[in-house]
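Colleague: The structure under discussion is supplied below as structure tokens; questions concerning it will follow.
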Amino acid sequence: MHRNHRHRLRSFRNFFSHDKLSSFKNVVLKMQLADPTLTLDPTTSRSSSRSRSPSPARAFVSTTATTDLGHDATALLSDELLIRIFSAVGSPHLGTVGLVSKRWLRLVDGLRHSLTLLDWSFLTGPSRRLTTRFHELTEVDLVPAAFLPPPSPSQLILTRGPYSLHMDPLSSCSAGELLLIDSEAINHGLEVLASGCPVLQRLHTVAPLQSEAGLVAAAFDLSTLQELVLHRCSDTALRPISAFKNLQILRVVASMNGLYSGPGVSDIGLTILAHGCKRLVKLELGGCEASFDGLSAIGRCCMMLEELTISDDSKMEGGWLAALSYCGNLKTLRLESCRKIVSLAEPLEFLGSCPTIERLLLQRCQLRDKTSLKALFMVCEYVKEIRFQHCWGLDDDMFRISSICRMVKRLSLEGCSKITTEGLESVILTWNDLQSLTVVSCNSVRDDEVSPALSSLFSILNEFKWRPDSKSVLSTNLRGTGMWKKGGKFFRRLRG
């Protein structure tokens with residue numbers, strides 16, 4: 001015990017050796033460069049130690065004890081070191097970290113790159129807090145703040161897509177006609193944002209109706225902008241679109257069912273878009289009044305277009321499907337919430353096809369017309385991936401039409417409850433190049449109806465995900481656990 005005590009004393013004495021003290025002084029010197037209030041002057045030690053030369057340990061302790069740091073131990077750390085520490089903290093916790101001190105808040109604000117605005121005064125108020133606090137923003141969503149708040153606080157919330165808005169239950173406005181701020185306020189907000197956040201890359205905003213001054217200012221000041229989402233878009237709002245030199249992703253939403261309705265986007269606006277944004281890679285059209293002329297103009301001018309999304313085709317005119325043959329570089333066609341897929345009135349033999357399309361994705365679509373669905377598969381005859389997700393009306397007869405596509409390698413079915421095992425087998429056995437199969441929540445597909453030929457196909461697939469019936473998955477997971485005996489009527493009914 002005595003030897004160990006003496007050994008510890010010697011180790012403690014060697015802790016303040018000359019070499020280690022020099023290392024500590026170098027660390028404090030670097031901290032001093034970041035904070036000029038720090039000092040290494042040993043004369044600031046106690047008056048009792050001025051008469052004699054301080055020991056190395058006493059000099060170091062006195063130096064660190066007399067700085068004007070108060071109780072904030074992190075004041076010795078430089079901004080660069082704190083930023084490295086904060087960058088390792090998850091995004092949900094950064095807001096809590098910024099409450100510690102003003103310095104921490106300033107550093108945390110510099111790390112924030114994405115922001116969704118909820119109050120328009122935060123952007124255009126006298127202090128302009130958004131552009132003052134956040135200089136390195138790369139993504140800003142202004143849409144929630146563009147809706148006028150209810151005159152009185154309300155607990156009623158309307159959720160539509162990514163947005164949740166408070167509603168006034170006593171308001172005379174319908175659910176699909178929420179009020180937006182005026183165009184002058186939108187233009188002013190866009191001008192302030194463009195001048196204060198020059199490195200912005202993605203912008204979501206509501207298009208002004210009377211004037212395009214805000215979009216023009218954003219086009220000239222935001223030279224790094226690559227993605228733009230325009231809600232309540234119109235033909236006139238697309239006129240300054242050519243000023244965005246580096247724009248690659250564009251989403252045009254003319255109306256959103258359940259939130260607002262706008263003047264609409266016709267073939268005139270799509271033609272302006274086609275001649276102004278020839279470097280587009282991704283384009284999404286939502287609620288537009290487009291037809292063959294507008295989409296064919298996009299196909300001829302936007303030669304780099306690789307992905308096209310059509311959302312809510314209720315206002316689109318017949319014949320737009322034939323315009324896809326003009327898209328010479330299109331690789332992905334996505335249809336979302338489409339109620340109808342209208343083809344040409346002329347015979348399908350003259351419809352044409354787009355041989356470059358490799359992926360066909362249908363989400364929440366109503367597939368009830370065999371002629372329209374056949375026209376879609378004829379245009380996308382050379383696709384390699386087909387995905388159906390929660391599509392209404394997709395039964396065995398409708399699904400058999402997809403056998404027109406002979407080069408399919410990946411198939412995904414999710415939420416298609418009308419497709420049976422027989423209908424699935426009749427199609428996928430004709431696809432000799434099939435490599436991936438996903439079947440999820442298709443309750444009409446039964447495990448006990450799988451044929452030997454279908455089982456042999458499953459065994460050679462590279463990717464295979466089979467969860468057609470949620471009840472069968474539940475019983476398989478609970479098998480052997482004894483829960484059938486311990487459970488109540490619910491588990492007994494599932495077992496029977």
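Chain labels run A, B, ... following the order of the structure tokens; each chain numbers its residues from 1, and ligands are numbered from 1 in the order shown.
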Give me the range 364-457 of chain A side of the contact with range 314-338 of chain A, cut-off 7 Å, one line per residue showing its nearest atom pair and distance in Å at one decimal, counting only C-alpha atoms, sorted by chain and residue number, as CSV.
Modeller:
```
residue,atom,partner,partner_atom,distance
A:Arg364,CA,A:Ser337,CA,4.9
A:Cys365,CA,A:Cys338,CA,4.8
A:Gln366,CA,A:Cys338,CA,6.4
```
Colleague: Based on the backbone DSSP call, show me all residues of range 350-486 of chain A assigned helix (DSSP H, G or I), as a compact mmCIF listing (two decimals) with C-alpha atoms, in the first residue's frame.
Modeller:
```txt
# COMPACT_ATOMS: atom_id res chain seq x y z
CA PHE A 350 -50.46 5.07 -84.51
CA LYS A 370 -58.47 -1.03 -70.36
CA THR A 371 -57.89 1.02 -73.51
CA SER A 372 -56.08 3.78 -71.61
CA LEU A 373 -53.94 1.31 -69.68
CA LYS A 374 -53.08 -0.54 -72.87
CA ALA A 375 -52.05 2.73 -74.50
CA LEU A 376 -49.80 3.48 -71.51
CA PHE A 377 -48.03 0.12 -71.76
CA MET A 378 -47.64 0.51 -75.52
CA VAL A 379 -45.88 3.83 -75.05
CA ASP A 396 -56.26 -9.66 -63.02
CA ASP A 397 -57.60 -8.55 -66.40
CA MET A 398 -56.05 -5.10 -66.09
CA PHE A 399 -52.75 -6.52 -64.86
CA ARG A 400 -52.50 -8.96 -67.78
CA ILE A 401 -52.23 -5.98 -70.12
CA SER A 402 -48.76 -5.35 -68.71
CA SER A 403 -47.55 -8.47 -70.55
CA ILE A 404 -47.11 -6.14 -73.54
CA THR A 421 -52.13 -15.58 -57.45
CA GLU A 422 -53.35 -16.83 -60.82
CA GLY A 423 -53.25 -13.36 -62.35
CA LEU A 424 -49.76 -12.74 -61.01
CA GLU A 425 -48.48 -16.06 -62.33
CA SER A 426 -49.97 -15.55 -65.80
CA VAL A 427 -47.89 -12.40 -66.27
CA ILE A 428 -44.55 -12.92 -64.55
CA ASP A 447 -49.42 -18.79 -50.27
CA ASP A 448 -51.28 -22.10 -50.70
CA GLU A 449 -52.09 -21.22 -54.34
CA PRO A 452 -44.48 -25.35 -58.65
CA ALA A 453 -43.59 -23.22 -61.69
CA LEU A 454 -44.02 -20.07 -59.65
CA SER A 455 -41.95 -21.53 -56.80
CA SER A 456 -39.15 -22.35 -59.23
CA LEU A 457 -39.19 -18.76 -60.45
CA PHE A 458 -38.95 -17.48 -56.88
CA SER A 459 -35.84 -19.55 -56.26
CA SER A 470 -50.79 -9.47 -43.39
CA LYS A 471 -52.72 -12.17 -41.53
CA SER A 472 -50.47 -14.96 -42.77
CA VAL A 473 -47.41 -12.93 -41.76
CA LEU A 474 -48.87 -12.45 -38.28
CA SER A 475 -49.60 -16.14 -37.81
CA THR A 476 -46.13 -17.08 -39.07
CA ASN A 477 -44.42 -14.70 -36.66
CA LEU A 478 -46.46 -15.95 -33.70
CA MET A 483 -49.68 -16.89 -27.85
CA TRP A 484 -52.53 -18.84 -29.46
CA LYS A 485 -53.26 -20.43 -26.10
CA LYS A 486 -52.74 -17.27 -24.05
```
Colleague: Using only C-alpha atoms, find the one residue out of A:Ser121, A:Gln155, A:Thr132, A:Thr309 that sits nearest to His188 in chain A.
Modeller: A:Ser121
Colleague: Which parts of range 302-466 of chain A does DSSP call strand (DSSP E or B) when run on the backbone here, written out as a CSV table (one decimal) with C-alpha atoms, in the first residue's frame?
Modeller:
```csv
chain,number,residue,atom,x,y,z
A,307,GLU,CA,-37.8,12.1,-65.2
A,308,LEU,CA,-41.4,13.2,-65.8
A,309,THR,CA,-44.1,13.2,-63.1
A,310,ILE,CA,-47.7,13.7,-63.8
A,311,SER,CA,-49.8,14.4,-60.7
A,332,THR,CA,-38.6,7.5,-65.6
A,333,LEU,CA,-42.3,8.2,-66.0
A,334,ARG,CA,-44.2,8.6,-62.7
A,335,LEU,CA,-48.0,8.9,-62.4
A,336,GLU,CA,-49.4,10.0,-59.1
A,359,ARG,CA,-39.1,2.9,-65.1
A,360,LEU,CA,-42.9,3.2,-64.9
A,361,LEU,CA,-44.2,4.1,-61.5
A,362,LEU,CA,-48.0,4.3,-60.7
A,363,GLN,CA,-49.0,5.6,-57.3
A,366,GLN,CA,-57.4,4.8,-60.7
A,385,GLU,CA,-39.2,-1.7,-64.0
A,386,ILE,CA,-42.9,-1.5,-63.2
A,387,ARG,CA,-44.3,-0.5,-59.8
A,388,PHE,CA,-47.9,-0.4,-58.8
A,389,GLN,CA,-48.6,1.2,-55.4
A,392,TRP,CA,-57.6,1.2,-57.5
A,410,ARG,CA,-38.2,-5.6,-61.7
A,411,LEU,CA,-41.9,-5.7,-60.6
A,412,SER,CA,-43.4,-4.3,-57.4
A,413,LEU,CA,-47.0,-4.7,-56.3
A,414,GLU,CA,-48.1,-2.9,-53.1
A,436,SER,CA,-36.7,-8.8,-58.7
A,437,LEU,CA,-40.2,-9.3,-57.3
A,438,THR,CA,-41.9,-7.5,-54.5
A,439,VAL,CA,-45.5,-8.4,-53.4
A,440,VAL,CA,-46.7,-6.5,-50.3
A,463,GLU,CA,-34.4,-9.9,-55.0
A,464,PHE,CA,-37.5,-11.4,-53.6
A,465,LYS,CA,-39.9,-9.8,-51.0
A,466,TRP,CA,-43.1,-11.8,-50.3
```
Colleague: Range 192-205 of chain A: which residues within 7 Å, counting only C-alpha atoms, same-chain residues fewer than 5 positions away excluded, as JSON, numbers by chain?
Modeller: {"A": [124, 131, 135, 136, 137, 138, 139, 140, 141, 142, 143, 217, 218, 221, 222, 224, 225, 226, 227, 228, 229, 230, 231]}
Colleague: If we count only C-alpha atoms and set the cut-off at 12 Å, which residues sit around Leu105 in chain A, ignoring sequence neighbours fewer than 3 positions away in its own chain? Please answer as a ChimeraX atom specification.
Modeller: /A:79,82-83,86,94-102,108-112,133-134
Colleague: Deliver the residues from the most recent selection as a file, using C-alpha atoms, as a PDB file, in the first residue's frame.
Modeller:
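Writing done, so here's result_34.pdb:
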```
ATOM      1  CA  ASP A  79     -15.583  28.588 -32.740  1.00  0.00           C
ATOM      2  CA  LEU A  82     -17.394  24.035 -31.246  1.00  0.00           C
ATOM      3  CA  ILE A  83     -18.663  23.824 -34.818  1.00  0.00           C
ATOM      4  CA  PHE A  86     -22.097  20.621 -32.998  1.00  0.00           C
ATOM      5  CA  LEU A  94     -29.623  21.438 -32.622  1.00  0.00           C
ATOM      6  CA  GLY A  95     -32.510  23.690 -31.615  1.00  0.00           C
ATOM      7  CA  THR A  96     -32.064  22.707 -27.976  1.00  0.00           C
ATOM      8  CA  VAL A  97     -28.313  23.255 -28.165  1.00  0.00           C
ATOM      9  CA  GLY A  98     -28.864  26.806 -29.412  1.00  0.00           C
ATOM     10  CA  LEU A  99     -30.708  27.722 -26.187  1.00  0.00           C
ATOM     11  CA  VAL A 100     -27.543  27.522 -24.079  1.00  0.00           C
ATOM     12  CA  SER A 101     -26.091  30.911 -24.995  1.00  0.00           C
ATOM     13  CA  LYS A 102     -26.046  33.529 -27.727  1.00  0.00           C
ATOM     14  CA  VAL A 108     -25.868  26.486 -34.509  1.00  0.00           C
ATOM     15  CA  ASP A 109     -27.608  28.850 -36.936  1.00  0.00           C
ATOM     16  CA  GLY A 110     -24.570  28.633 -39.177  1.00  0.00           C
ATOM     17  CA  LEU A 111     -24.949  24.858 -39.315  1.00  0.00           C
ATOM     18  CA  ARG A 112     -28.591  24.926 -40.379  1.00  0.00           C
ATOM     19  CA  ARG A 133     -29.492  34.552 -38.520  1.00  0.00           C
ATOM     20  CA  PHE A 134     -29.195  31.952 -41.268  1.00  0.00           C
TER      21      PHE A 134
END
```
Colleague: Interatomic distance between CA of Ser234 in chain A and CA of Ile272 in chain A?
Modeller: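 About the pair CA of Ser234 in chain A and CA of Ile272 in chain A: they are 11.2 Å apart.
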Colleague: Between A:Pro263, A:Pro144, A:Gly189, A:Gly299, single out the one closest to Gly287 in chain A, counting only C-alpha atoms.
Modeller: A:Pro263
Colleague: Quick one, how far is CA of Glu358 in chain A from CA of Val408 in chain A?
Modeller: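 CA of Val408 in chain A lies 8.9 Å from CA of Glu358 in chain A.
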Colleague: Which value, in Å to one decimal, gives the distance between CA of Leu247 in chain A and CA of Phe147 in chain A?
Modeller: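 Between CA of Leu247 in chain A and CA of Phe147 in chain A the gap works out to 26.0 Å.
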Colleague: Which polymer residues have any atom within 8 Å of an atom of Ala297 in chain A, counting only C-alpha atoms, with same-chain residues fewer than 4 positions away left out, as a ChimeraX atom specification?
Modeller: /A:270-271,274,293,301
